[in-house]
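Chemist: Below is the file work-v1.cif, with mmCIF, C-alpha atoms.
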```
data_protein
#
loop_
_atom_site.group_PDB
_atom_site.id
_atom_site.type_symbol
_atom_site.label_atom_id
_atom_site.label_comp_id
_atom_site.auth_asym_id
_atom_site.auth_seq_id
_atom_site.Cartn_x
_atom_site.Cartn_y
_atom_site.Cartn_z
ATOM 1 C CA MET A 1 0.930 -6.568 27.223
ATOM 2 C CA ARG A 2 4.454 -7.714 26.351
ATOM 3 C CA SER A 3 7.185 -5.138 26.203
ATOM 4 C CA HIS A 4 9.255 -4.611 23.062
ATOM 5 C CA ARG A 5 12.121 -6.508 24.711
ATOM 6 C CA GLN A 6 9.837 -9.422 25.552
ATOM 7 C CA HIS A 7 8.646 -9.489 21.947
ATOM 8 C CA HIS A 8 12.260 -9.623 20.842
ATOM 9 C CA ARG A 9 12.876 -12.682 23.021
ATOM 10 C CA LEU A 10 9.759 -14.295 21.579
ATOM 11 C CA PHE A 11 11.074 -13.679 18.067
ATOM 12 C CA GLN A 12 14.365 -15.319 18.942
ATOM 13 C CA LYS A 13 12.631 -18.465 20.157
ATOM 14 C CA VAL A 14 10.885 -19.219 16.857
ATOM 15 C CA ILE A 15 13.890 -18.769 14.554
ATOM 16 C CA THR A 16 16.591 -21.353 14.197
ATOM 17 C CA LYS A 17 20.222 -20.445 13.693
ATOM 18 C CA GLU A 18 20.067 -21.907 10.196
ATOM 19 C CA GLU A 19 17.112 -19.684 9.276
ATOM 20 C CA GLU A 20 18.776 -16.608 10.711
ATOM 21 C CA SER A 21 22.014 -17.388 8.849
ATOM 22 C CA PHE A 22 20.110 -17.796 5.601
ATOM 23 C CA LEU A 23 18.244 -14.507 6.012
ATOM 24 C CA THR A 24 21.408 -12.644 6.922
ATOM 25 C CA ARG A 25 22.983 -13.834 3.667
ATOM 26 C CA GLN A 26 19.873 -12.848 1.738
ATOM 27 C CA HIS A 27 19.617 -9.422 3.403
ATOM 28 C CA PRO A 28 23.134 -8.377 4.467
ATOM 29 C CA TRP A 29 22.036 -4.767 4.853
ATOM 30 C CA GLN A 30 19.731 -5.688 7.727
ATOM 31 C CA THR A 31 20.814 -5.907 11.336
ATOM 32 C CA ARG A 32 20.448 -9.193 13.165
ATOM 33 C CA LYS A 33 17.508 -7.797 15.111
ATOM 34 C CA SER A 34 15.593 -6.645 12.033
ATOM 35 C CA VAL A 35 16.174 -10.009 10.354
ATOM 36 C CA ILE A 36 14.676 -11.755 13.379
ATOM 37 C CA MET A 37 11.643 -9.460 13.461
ATOM 38 C CA ASN A 38 11.070 -9.729 9.715
ATOM 39 C CA THR A 39 11.178 -13.530 9.821
ATOM 40 C CA SER A 40 8.712 -13.709 12.683
ATOM 41 C CA ARG A 41 6.285 -11.575 10.713
ATOM 42 C CA LEU A 42 6.548 -14.082 7.877
ATOM 43 C CA PHE A 43 5.775 -16.906 10.281
ATOM 44 C CA SER A 44 2.737 -15.043 11.591
ATOM 45 C CA PHE A 45 1.273 -15.012 8.066
ATOM 46 C CA SER A 46 2.012 -18.669 7.380
ATOM 47 C CA HIS A 47 -1.715 -19.392 6.939
ATOM 48 C CA LEU A 48 -1.731 -17.409 3.683
ATOM 49 C CA THR A 49 -1.530 -19.244 0.368
ATOM 50 C CA SER A 50 0.527 -18.347 -2.683
ATOM 51 C CA PRO A 51 -1.331 -17.218 -5.829
ATOM 52 C CA THR A 52 -1.564 -19.807 -8.610
ATOM 53 C CA GLU A 53 -2.197 -19.587 -12.351
ATOM 54 C CA ASN A 54 -5.863 -20.309 -11.629
ATOM 55 C CA ASP A 55 -5.926 -17.329 -9.288
ATOM 56 C CA TYR A 56 -4.470 -15.133 -12.024
ATOM 57 C CA ASP A 57 -7.309 -16.141 -14.360
ATOM 58 C CA SER A 58 -9.955 -15.706 -11.687
ATOM 59 C CA LEU A 59 -8.690 -12.263 -10.681
ATOM 60 C CA SER A 60 -8.525 -11.191 -14.316
ATOM 61 C CA SER A 61 -12.164 -12.203 -14.817
ATOM 62 C CA LEU A 62 -13.177 -9.845 -12.001
ATOM 63 C CA LEU A 63 -11.819 -6.758 -13.759
ATOM 64 C CA ASN A 64 -14.785 -5.702 -15.891
ATOM 65 C CA HIS A 65 -14.454 -1.921 -15.559
ATOM 66 C CA GLY A 66 -11.128 -1.252 -17.232
ATOM 67 C CA GLY A 67 -8.764 -2.837 -14.728
ATOM 68 C CA SER A 68 -5.777 -4.972 -15.666
ATOM 69 C CA ILE A 69 -3.305 -7.539 -14.353
ATOM 70 C CA LEU A 70 0.480 -7.471 -14.688
ATOM 71 C CA THR A 71 2.660 -10.578 -14.423
ATOM 72 C CA GLU A 72 5.900 -9.382 -16.048
ATOM 73 C CA ASP A 73 8.505 -6.707 -15.270
ATOM 74 C CA LEU A 74 7.370 -6.328 -11.656
ATOM 75 C CA GLU A 75 10.671 -5.199 -10.156
ATOM 76 C CA ARG A 76 9.481 -1.645 -9.489
ATOM 77 C CA TYR A 77 6.384 -2.948 -7.718
ATOM 78 C CA ASN A 78 8.410 -5.358 -5.569
ATOM 79 C CA THR A 79 11.051 -2.823 -4.515
ATOM 80 C CA ASP A 80 10.474 0.221 -2.315
ATOM 81 C CA TRP A 81 11.971 3.653 -2.969
ATOM 82 C CA THR A 82 15.043 3.025 -0.810
ATOM 83 C CA GLY A 83 15.858 -0.245 -2.535
ATOM 84 C CA HIS A 84 16.246 -1.912 0.870
ATOM 85 C CA PHE A 85 12.928 -3.741 0.959
ATOM 86 C CA LYS A 86 12.104 -6.267 -1.747
ATOM 87 C CA GLY A 87 9.277 -8.724 -2.253
ATOM 88 C CA SER A 88 8.742 -11.511 -4.731
ATOM 89 C CA SER A 89 5.177 -10.995 -5.917
ATOM 90 C CA LYS A 90 4.351 -12.510 -9.296
ATOM 91 C CA ILE A 91 1.146 -10.573 -9.893
ATOM 92 C CA VAL A 92 0.001 -6.954 -9.743
ATOM 93 C CA VAL A 93 -3.732 -6.263 -9.918
ATOM 94 C CA CYS A 94 -4.663 -2.786 -11.157
ATOM 95 C CA PRO A 95 -8.395 -2.202 -10.552
ATOM 96 C CA ALA A 96 -10.064 0.794 -12.151
ATOM 97 C CA SER A 97 -13.119 1.094 -9.916
ATOM 98 C CA VAL A 98 -14.334 0.560 -6.366
ATOM 99 C CA GLU A 99 -16.387 -2.392 -7.597
ATOM 100 C CA GLU A 100 -13.265 -4.077 -8.918
ATOM 101 C CA VAL A 101 -11.354 -3.428 -5.700
ATOM 102 C CA SER A 102 -14.235 -4.965 -3.746
ATOM 103 C CA SER A 103 -14.407 -8.049 -5.974
ATOM 104 C CA VAL A 104 -10.647 -8.601 -5.879
ATOM 105 C CA LEU A 105 -10.406 -8.289 -2.094
ATOM 106 C CA ALA A 106 -13.423 -10.531 -1.552
ATOM 107 C CA TYR A 107 -11.823 -13.207 -3.751
ATOM 108 C CA CYS A 108 -8.440 -12.936 -2.034
ATOM 109 C CA ASN A 109 -10.126 -13.138 1.362
ATOM 110 C CA ARG A 110 -11.920 -16.359 0.399
ATOM 111 C CA ARG A 111 -8.701 -17.854 -0.980
ATOM 112 C CA SER A 112 -6.523 -16.656 1.940
ATOM 113 C CA LEU A 113 -4.294 -14.741 -0.460
ATOM 114 C CA GLY A 114 -2.192 -11.992 1.085
ATOM 115 C CA VAL A 115 -2.693 -8.528 -0.409
ATOM 116 C CA VAL A 116 -0.461 -5.451 -0.290
ATOM 117 C CA THR A 117 -2.134 -2.209 -1.340
ATOM 118 C CA GLN A 118 0.253 0.040 -3.237
ATOM 119 C CA GLY A 119 0.005 3.691 -4.204
ATOM 120 C CA GLY A 120 2.926 5.672 -5.569
ATOM 121 C CA ASN A 121 5.418 3.445 -3.694
ATOM 122 C CA THR A 122 7.307 6.468 -2.374
ATOM 123 C CA GLY A 123 7.492 5.265 1.240
ATOM 124 C CA LEU A 124 10.785 4.706 3.036
ATOM 125 C CA VAL A 125 9.884 1.899 5.445
ATOM 126 C CA GLY A 126 8.837 -0.972 3.155
ATOM 127 C CA GLY A 127 5.133 -0.684 3.921
ATOM 128 C CA SER A 128 4.066 -0.606 0.270
ATOM 129 C CA VAL A 129 5.907 -3.703 -0.974
ATOM 130 C CA PRO A 130 5.197 -7.382 -0.288
ATOM 131 C CA MET A 131 7.158 -9.391 2.247
ATOM 132 C CA SER A 132 6.864 -12.496 0.103
ATOM 133 C CA ASP A 133 4.631 -13.328 -2.882
ATOM 134 C CA GLU A 134 1.434 -11.520 -1.859
ATOM 135 C CA VAL A 135 -0.877 -10.026 -4.460
ATOM 136 C CA ILE A 136 -0.006 -6.375 -5.087
ATOM 137 C CA LEU A 137 -3.109 -4.212 -5.425
ATOM 138 C CA SER A 138 -1.982 -1.110 -7.320
ATOM 139 C CA LEU A 139 -4.338 1.878 -7.296
ATOM 140 C CA ALA A 140 -2.551 3.666 -10.145
ATOM 141 C CA SER A 141 -5.483 3.129 -12.523
ATOM 142 C CA MET A 142 -7.939 4.748 -10.127
ATOM 143 C CA ASN A 143 -7.103 8.349 -10.984
ATOM 144 C CA ASN A 144 -10.360 10.137 -11.727
ATOM 145 C CA ILE A 145 -11.217 13.611 -10.417
ATOM 146 C CA TYR A 146 -14.942 14.163 -9.857
ATOM 147 C CA SER A 147 -15.056 17.756 -8.591
ATOM 148 C CA SER A 148 -15.776 20.488 -11.128
ATOM 149 C CA PHE A 149 -15.725 23.538 -8.813
ATOM 150 C CA THR A 150 -18.486 25.195 -10.855
ATOM 151 C CA GLU A 151 -19.857 27.108 -7.857
ATOM 152 C CA ASP A 152 -17.922 29.825 -6.050
ATOM 153 C CA ASP A 153 -18.481 28.159 -2.677
ATOM 154 C CA ASP A 154 -17.714 24.663 -3.918
ATOM 155 C CA ASN A 155 -14.384 23.892 -2.280
ATOM 156 C CA ILE A 156 -14.601 20.124 -1.860
ATOM 157 C CA LEU A 157 -12.266 18.010 -3.986
ATOM 158 C CA THR A 158 -13.556 14.499 -4.700
ATOM 159 C CA CYS A 159 -11.217 12.069 -6.408
ATOM 160 C CA ASP A 160 -9.958 8.498 -6.594
ATOM 161 C CA ALA A 161 -7.239 7.261 -4.247
ATOM 162 C CA GLY A 162 -4.779 6.752 -7.117
ATOM 163 C CA CYS A 163 -4.628 10.395 -8.172
ATOM 164 C CA ILE A 164 -1.103 11.810 -8.187
ATOM 165 C CA LEU A 165 -0.770 14.689 -5.716
ATOM 166 C CA GLN A 166 0.814 16.981 -8.341
ATOM 167 C CA THR A 167 -2.127 16.340 -10.677
ATOM 168 C CA LEU A 168 -4.580 17.354 -7.959
ATOM 169 C CA GLN A 169 -2.581 20.462 -7.142
ATOM 170 C CA ASP A 170 -2.505 21.536 -10.797
ATOM 171 C CA TYR A 171 -6.224 20.873 -11.225
ATOM 172 C CA ALA A 172 -7.113 22.832 -8.095
ATOM 173 C CA SER A 173 -4.824 25.701 -9.117
ATOM 174 C CA GLU A 174 -6.587 26.011 -12.475
ATOM 175 C CA LYS A 175 -9.836 26.465 -10.515
ATOM 176 C CA ASN A 176 -8.241 29.025 -8.167
ATOM 177 C CA ARG A 177 -8.066 26.508 -5.315
ATOM 178 C CA LEU A 178 -5.255 24.979 -3.290
ATOM 179 C CA VAL A 179 -4.795 21.418 -2.061
ATOM 180 C CA PRO A 180 -3.679 21.696 1.611
ATOM 181 C CA ILE A 181 -0.694 19.366 1.291
ATOM 182 C CA ASP A 182 2.626 19.694 -0.508
ATOM 183 C CA LEU A 183 5.446 17.140 -0.502
ATOM 184 C CA GLY A 184 8.735 16.624 -2.275
ATOM 185 C CA SER A 185 7.362 13.390 -3.761
ATOM 186 C CA LYS A 186 4.229 15.081 -5.127
ATOM 187 C CA GLY A 187 5.091 14.100 -8.689
ATOM 188 C CA SER A 188 4.644 10.404 -7.936
ATOM 189 C CA CYS A 189 2.908 9.929 -4.578
ATOM 190 C CA GLN A 190 -0.827 9.292 -4.569
ATOM 191 C CA ILE A 191 -3.478 10.980 -2.478
ATOM 192 C CA GLY A 192 -4.678 7.653 -1.063
ATOM 193 C CA GLY A 193 -1.242 6.968 0.382
ATOM 194 C CA ASN A 194 -0.986 10.558 1.625
ATOM 195 C CA ILE A 195 -4.232 10.181 3.547
ATOM 196 C CA SER A 196 -3.479 6.695 4.898
ATOM 197 C CA THR A 197 -0.179 7.931 6.373
ATOM 198 C CA ASN A 198 -1.507 11.381 7.326
ATOM 199 C CA ALA A 199 1.396 12.875 5.377
ATOM 200 C CA GLY A 200 2.619 16.291 6.511
ATOM 201 C CA GLY A 201 4.544 18.749 4.388
ATOM 202 C CA GLN A 202 5.059 22.493 4.295
ATOM 203 C CA TYR A 203 1.354 23.384 4.646
ATOM 204 C CA PHE A 204 0.925 21.542 7.944
ATOM 205 C CA ASP A 205 1.305 24.580 10.210
ATOM 206 C CA ARG A 206 -1.075 26.661 8.125
ATOM 207 C CA PHE A 207 -3.865 24.172 7.326
ATOM 208 C CA GLY A 208 -3.395 21.422 9.888
ATOM 209 C CA SER A 209 -2.966 17.707 9.299
ATOM 210 C CA LEU A 210 -4.243 16.037 6.157
ATOM 211 C CA HIS A 211 -6.683 13.973 8.204
ATOM 212 C CA ALA A 212 -8.180 17.206 9.522
ATOM 213 C CA ASN A 213 -8.940 18.246 5.950
ATOM 214 C CA VAL A 214 -10.641 15.007 4.860
ATOM 215 C CA LEU A 215 -14.444 15.217 4.938
ATOM 216 C CA GLY A 216 -15.316 11.674 3.865
ATOM 217 C CA LEU A 217 -13.968 8.402 2.535
ATOM 218 C CA GLU A 218 -15.236 5.461 0.536
ATOM 219 C CA VAL A 219 -13.246 2.459 1.742
ATOM 220 C CA VAL A 220 -13.111 -1.242 0.945
ATOM 221 C CA LEU A 221 -12.465 -3.662 3.778
ATOM 222 C CA ALA A 222 -10.305 -6.771 3.432
ATOM 223 C CA ASN A 223 -13.402 -8.915 2.930
ATOM 224 C CA GLY A 224 -14.633 -6.721 0.059
ATOM 225 C CA ARG A 225 -17.269 -4.815 2.007
ATOM 226 C CA VAL A 226 -17.611 -1.179 0.911
ATOM 227 C CA LEU A 227 -18.115 1.543 3.530
ATOM 228 C CA ASN A 228 -18.939 5.213 3.084
ATOM 229 C CA LEU A 229 -17.523 7.156 5.998
#
```
Mind converting the file's structure to structure tokens?

Modeler:
Amino acid sequence: MRSHRQHHRLFQKVITKEEESFLTRQHPWQTRKSVIMNTSRLFSFSHLTSPTENDYDSLSSLLNHGGSILTEDLERYNTDWTGHFKGSSKIVVCPASVEEVSSVLAYCNRRSLGVVTQGGNTGLVGGSVPMSDEVILSLASMNNIYSSFTEDDDNILTCDAGCILQTLQDYASEKNRLVPIDLGSKGSCQIGGNISTNAGGQYFDRFGSLHANVLGLEVVLANGRVLNL
């Protein structure tokens, strides 16, 4: 296994001075090292293709359960919360069901289209925005809550990944329950992103990690396969 320093030397070998100079002008806020690492990541995904107008039409035809596609005013989807990380995606796919997510990912996998899954986009490290022109898969439209809490011993909350944390907290509170996570970004972050990052918060010491409170997941792999875990 290469050390971090060895990786850094490898990065330096694949980037020309002209490329580094260009990226430094494009991203003056970055250090030289981060520019080098970011560029190498782009090179490692060079096998991916850019979405075309035909892809837009094909992806739109897959959304038969209320989903939608956005191709205008995408600045907020391409920029993370800090404003430091910016992509150049031209399309945001907003599926409304697991079936649509599966169909979209299966299509992108066949076409070698890069995909960035995006929740509330409240992260601080650029993980929720594209590096280039990948397809953005926004889960904002998947915001259904399925638990009714009709029984006194029914304490399992089942919901879509795109549910806003604040919405879940308010719903649980109305039913005399409590969601075991609380964050400053609860008004915009989504539970799917909370779980994927194992987000902490002020309830961590009392209830444990968020992963420890998750009983099951329905997930879609990059090839569109659906798993129930």

Chemist: Calculate how many Å separate CA of Gly66 (chain A) from CA of Ala222 (chain A), rounding to one decimal.

Modeler: 21.4 Å

Chemist: Identify the residues within 8 Å of coordinate (-0.3, -10.4, -3.7) (same frame as the file), considering all atoms listed in the file, and give the answer as a JSON list (two decimals) with C-alpha atoms, in the coordinates of the input.

Modeler:
```json
[["chain", "number", "residue", "atom", "x", "y", "z"],
["A", 51, "PRO", "CA", -1.33, -17.22, -5.83],
["A", 89, "SER", "CA", 5.18, -11.00, -5.92],
["A", 90, "LYS", "CA", 4.35, -12.51, -9.30],
["A", 91, "ILE", "CA", 1.15, -10.57, -9.89],
["A", 92, "VAL", "CA", 0.00, -6.95, -9.74],
["A", 113, "LEU", "CA", -4.29, -14.74, -0.46],
["A", 114, "GLY", "CA", -2.19, -11.99, 1.08],
["A", 115, "VAL", "CA", -2.69, -8.53, -0.41],
["A", 116, "VAL", "CA", -0.46, -5.45, -0.29],
["A", 130, "PRO", "CA", 5.20, -7.38, -0.29],
["A", 133, "ASP", "CA", 4.63, -13.33, -2.88],
["A", 134, "GLU", "CA", 1.43, -11.52, -1.86],
["A", 135, "VAL", "CA", -0.88, -10.03, -4.46],
["A", 136, "ILE", "CA", -0.01, -6.38, -5.09],
["A", 137, "LEU", "CA", -3.11, -4.21, -5.42]]
```

Chemist: Name all residues at most 9 Å from Trp81 (chain A) (count only C-alpha atoms; drop same-chain ones fewer than 3 positions away) and give them as an NGL selection string.

Modeler: :A and (76 or 84-85 or 121-126)

Chemist: Could you list, as a list in words, every residue matched by the PyMOL selection byres ((chain A and resi 96-105) around 6) in this structure?

Modeler: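 Evaluating the PyMOL selection byres ((chain A and resi 96-105) around 6) on these coordinates yields Leu63, Gly66, Gly67, Pro95, Ala106, Tyr107, Cys108, Asn109, Ser141, Met142, Ala222, Asn223 and Gly224 of chain A.
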
Chemist: Written as a ChimeraX atom specification, which residues does the PyMOL selection byres ((chain A and resi 189-192) around 9) give for the file shown?

Modeler: /A:119-123,139-140,159-166,168,183,185-188,193-197

Chemist: If you count all atoms listed in the file, which residues fall within 12 Å of Glu174 (chain A), apart from same-chain ones fewer than 6 positions away, as a ChimeraX atom specification?

Modeler: /A:148-149,167-168

Chemist: Give as number ranges by chain the residues that the PyMOL selection byres ((chain A and resi 218) around 10) matches when applied to the coordinates above.

Modeler: A: 98, 160-161, 216-217, 219-220, 226-229

Chemist: Could you tell me which of A:Thr150, A:Gln202, A:Gln118, A:Ser46 comes closest to Ser132 (chain A) if we count all atoms listed in the file?

Modeler: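 Answer, going by the shortest atom-to-atom distance: A:Ser46.
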
Chemist: Could region 170-181 of chain A be completed with all heavy atoms and returned as a PDB file, in the frame of the given file?

Modeler:
```pdb
ATOM      1  N   ASP A 170      -2.369  20.785  -9.544  1.00  0.00           N
ATOM      2  CA  ASP A 170      -2.505  21.536 -10.797  1.00  0.00           C
ATOM      3  C   ASP A 170      -3.973  21.768 -11.134  1.00  0.00           C
ATOM      4  O   ASP A 170      -4.358  22.859 -11.576  1.00  0.00           O
ATOM      5  CB  ASP A 170      -1.819  20.783 -11.938  1.00  0.00           C
ATOM      6  CG  ASP A 170      -0.306  20.718 -11.776  1.00  0.00           C
ATOM      7  OD1 ASP A 170       0.233  21.510 -10.976  1.00  0.00           O
ATOM      8  OD2 ASP A 170       0.324  19.874 -12.444  1.00  0.00           O
ATOM      9  N   TYR A 171      -4.793  20.751 -10.930  1.00  0.00           N
ATOM     10  CA  TYR A 171      -6.224  20.873 -11.225  1.00  0.00           C
ATOM     11  C   TYR A 171      -6.870  21.926 -10.323  1.00  0.00           C
ATOM     12  O   TYR A 171      -7.635  22.780 -10.784  1.00  0.00           O
ATOM     13  CB  TYR A 171      -6.911  19.527 -11.028  1.00  0.00           C
ATOM     14  CG  TYR A 171      -8.392  19.542 -11.320  1.00  0.00           C
ATOM     15  CD1 TYR A 171      -8.867  19.438 -12.626  1.00  0.00           C
ATOM     16  CD2 TYR A 171      -9.326  19.660 -10.281  1.00  0.00           C
ATOM     17  CE1 TYR A 171     -10.229  19.456 -12.889  1.00  0.00           C
ATOM     18  CE2 TYR A 171     -10.684  19.675 -10.532  1.00  0.00           C
ATOM     19  CZ  TYR A 171     -11.129  19.578 -11.843  1.00  0.00           C
ATOM     20  OH  TYR A 171     -12.480  19.613 -12.106  1.00  0.00           O
ATOM     21  N   ALA A 172      -6.545  21.862  -9.031  1.00  0.00           N
ATOM     22  CA  ALA A 172      -7.113  22.832  -8.095  1.00  0.00           C
ATOM     23  C   ALA A 172      -6.629  24.244  -8.411  1.00  0.00           C
ATOM     24  O   ALA A 172      -7.404  25.218  -8.330  1.00  0.00           O
ATOM     25  CB  ALA A 172      -6.744  22.460  -6.665  1.00  0.00           C
ATOM     26  N   SER A 173      -5.380  24.385  -8.797  1.00  0.00           N
ATOM     27  CA  SER A 173      -4.824  25.701  -9.117  1.00  0.00           C
ATOM     28  C   SER A 173      -5.531  26.325 -10.314  1.00  0.00           C
ATOM     29  O   SER A 173      -5.787  27.534 -10.334  1.00  0.00           O
ATOM     30  CB  SER A 173      -3.320  25.574  -9.394  1.00  0.00           C
ATOM     31  OG  SER A 173      -2.758  26.821  -9.735  1.00  0.00           O
ATOM     32  N   GLU A 174      -5.868  25.513 -11.302  1.00  0.00           N
ATOM     33  CA  GLU A 174      -6.587  26.011 -12.475  1.00  0.00           C
ATOM     34  C   GLU A 174      -7.955  26.551 -12.095  1.00  0.00           C
ATOM     35  O   GLU A 174      -8.499  27.426 -12.779  1.00  0.00           O
ATOM     36  CB  GLU A 174      -6.748  24.891 -13.496  1.00  0.00           C
ATOM     37  CG  GLU A 174      -5.436  24.439 -14.142  1.00  0.00           C
ATOM     38  CD  GLU A 174      -5.628  23.211 -15.018  1.00  0.00           C
ATOM     39  OE1 GLU A 174      -6.778  22.718 -15.097  1.00  0.00           O
ATOM     40  OE2 GLU A 174      -4.632  22.756 -15.609  1.00  0.00           O
ATOM     41  N   LYS A 175      -8.524  26.035 -10.999  1.00  0.00           N
ATOM     42  CA  LYS A 175      -9.836  26.465 -10.515  1.00  0.00           C
ATOM     43  C   LYS A 175      -9.711  27.483  -9.382  1.00  0.00           C
ATOM     44  O   LYS A 175     -10.678  27.749  -8.663  1.00  0.00           O
ATOM     45  CB  LYS A 175     -10.620  25.249 -10.022  1.00  0.00           C
ATOM     46  CG  LYS A 175     -10.728  24.113 -11.030  1.00  0.00           C
ATOM     47  CD  LYS A 175     -11.547  24.486 -12.243  1.00  0.00           C
ATOM     48  CE  LYS A 175     -11.688  23.307 -13.187  1.00  0.00           C
ATOM     49  NZ  LYS A 175     -12.512  23.632 -14.380  1.00  0.00           N
ATOM     50  N   ASN A 176      -8.506  28.038  -9.211  1.00  0.00           N
ATOM     51  CA  ASN A 176      -8.241  29.025  -8.167  1.00  0.00           C
ATOM     52  C   ASN A 176      -8.439  28.444  -6.773  1.00  0.00           C
ATOM     53  O   ASN A 176      -8.930  29.113  -5.859  1.00  0.00           O
ATOM     54  CB  ASN A 176      -9.132  30.261  -8.345  1.00  0.00           C
ATOM     55  CG  ASN A 176      -8.594  31.462  -7.588  1.00  0.00           C
ATOM     56  OD1 ASN A 176      -7.380  31.610  -7.404  1.00  0.00           O
ATOM     57  ND2 ASN A 176      -9.485  32.338  -7.147  1.00  0.00           N
ATOM     58  N   ARG A 177      -8.031  27.174  -6.610  1.00  0.00           N
ATOM     59  CA  ARG A 177      -8.066  26.508  -5.315  1.00  0.00           C
ATOM     60  C   ARG A 177      -6.683  25.980  -4.974  1.00  0.00           C
ATOM     61  O   ARG A 177      -5.777  25.991  -5.808  1.00  0.00           O
ATOM     62  CB  ARG A 177      -9.045  25.325  -5.321  1.00  0.00           C
ATOM     63  CG  ARG A 177     -10.469  25.646  -4.881  1.00  0.00           C
ATOM     64  CD  ARG A 177     -11.267  26.316  -5.929  1.00  0.00           C
ATOM     65  NE  ARG A 177     -12.679  26.424  -5.557  1.00  0.00           N
ATOM     66  CZ  ARG A 177     -13.588  27.033  -6.320  1.00  0.00           C
ATOM     67  NH1 ARG A 177     -13.220  27.597  -7.470  1.00  0.00           N
ATOM     68  NH2 ARG A 177     -14.837  27.097  -5.922  1.00  0.00           N
ATOM     69  N   LEU A 178      -6.540  25.509  -3.740  1.00  0.00           N
ATOM     70  CA  LEU A 178      -5.255  24.979  -3.290  1.00  0.00           C
ATOM     71  C   LEU A 178      -5.487  23.697  -2.497  1.00  0.00           C
ATOM     72  O   LEU A 178      -6.343  23.657  -1.613  1.00  0.00           O
ATOM     73  CB  LEU A 178      -4.523  26.011  -2.436  1.00  0.00           C
ATOM     74  CG  LEU A 178      -3.139  25.628  -1.900  1.00  0.00           C
ATOM     75  CD1 LEU A 178      -2.230  26.864  -1.874  1.00  0.00           C
ATOM     76  CD2 LEU A 178      -3.241  25.046  -0.480  1.00  0.00           C
ATOM     77  N   VAL A 179      -4.739  22.661  -2.833  1.00  0.00           N
ATOM     78  CA  VAL A 179      -4.795  21.418  -2.061  1.00  0.00           C
ATOM     79  C   VAL A 179      -3.900  21.590  -0.832  1.00  0.00           C
ATOM     80  O   VAL A 179      -2.721  21.930  -0.975  1.00  0.00           O
ATOM     81  CB  VAL A 179      -4.303  20.225  -2.914  1.00  0.00           C
ATOM     82  CG1 VAL A 179      -4.291  18.942  -2.075  1.00  0.00           C
ATOM     83  CG2 VAL A 179      -5.192  20.043  -4.141  1.00  0.00           C
ATOM     84  N   PRO A 180      -4.428  21.367   0.383  1.00  0.00           N
ATOM     85  CA  PRO A 180      -3.679  21.696   1.611  1.00  0.00           C
ATOM     86  C   PRO A 180      -2.607  20.686   1.979  1.00  0.00           C
ATOM     87  O   PRO A 180      -2.453  20.316   3.143  1.00  0.00           O
ATOM     88  CB  PRO A 180      -4.789  21.744   2.662  1.00  0.00           C
ATOM     89  CG  PRO A 180      -5.786  20.757   2.176  1.00  0.00           C
ATOM     90  CD  PRO A 180      -5.789  20.904   0.674  1.00  0.00           C
ATOM     91  N   ILE A 181      -1.834  20.242   1.015  1.00  0.00           N
ATOM     92  CA  ILE A 181      -0.694  19.366   1.291  1.00  0.00           C
ATOM     93  C   ILE A 181       0.307  19.524   0.156  1.00  0.00           C
ATOM     94  O   ILE A 181      -0.077  19.648  -1.020  1.00  0.00           O
ATOM     95  CB  ILE A 181      -1.127  17.882   1.422  1.00  0.00           C
ATOM     96  CG1 ILE A 181       0.112  16.992   1.631  1.00  0.00           C
ATOM     97  CG2 ILE A 181      -1.924  17.427   0.218  1.00  0.00           C
ATOM     98  CD1 ILE A 181      -0.214  15.545   1.878  1.00  0.00           C
TER      99      ILE A 181
END
```
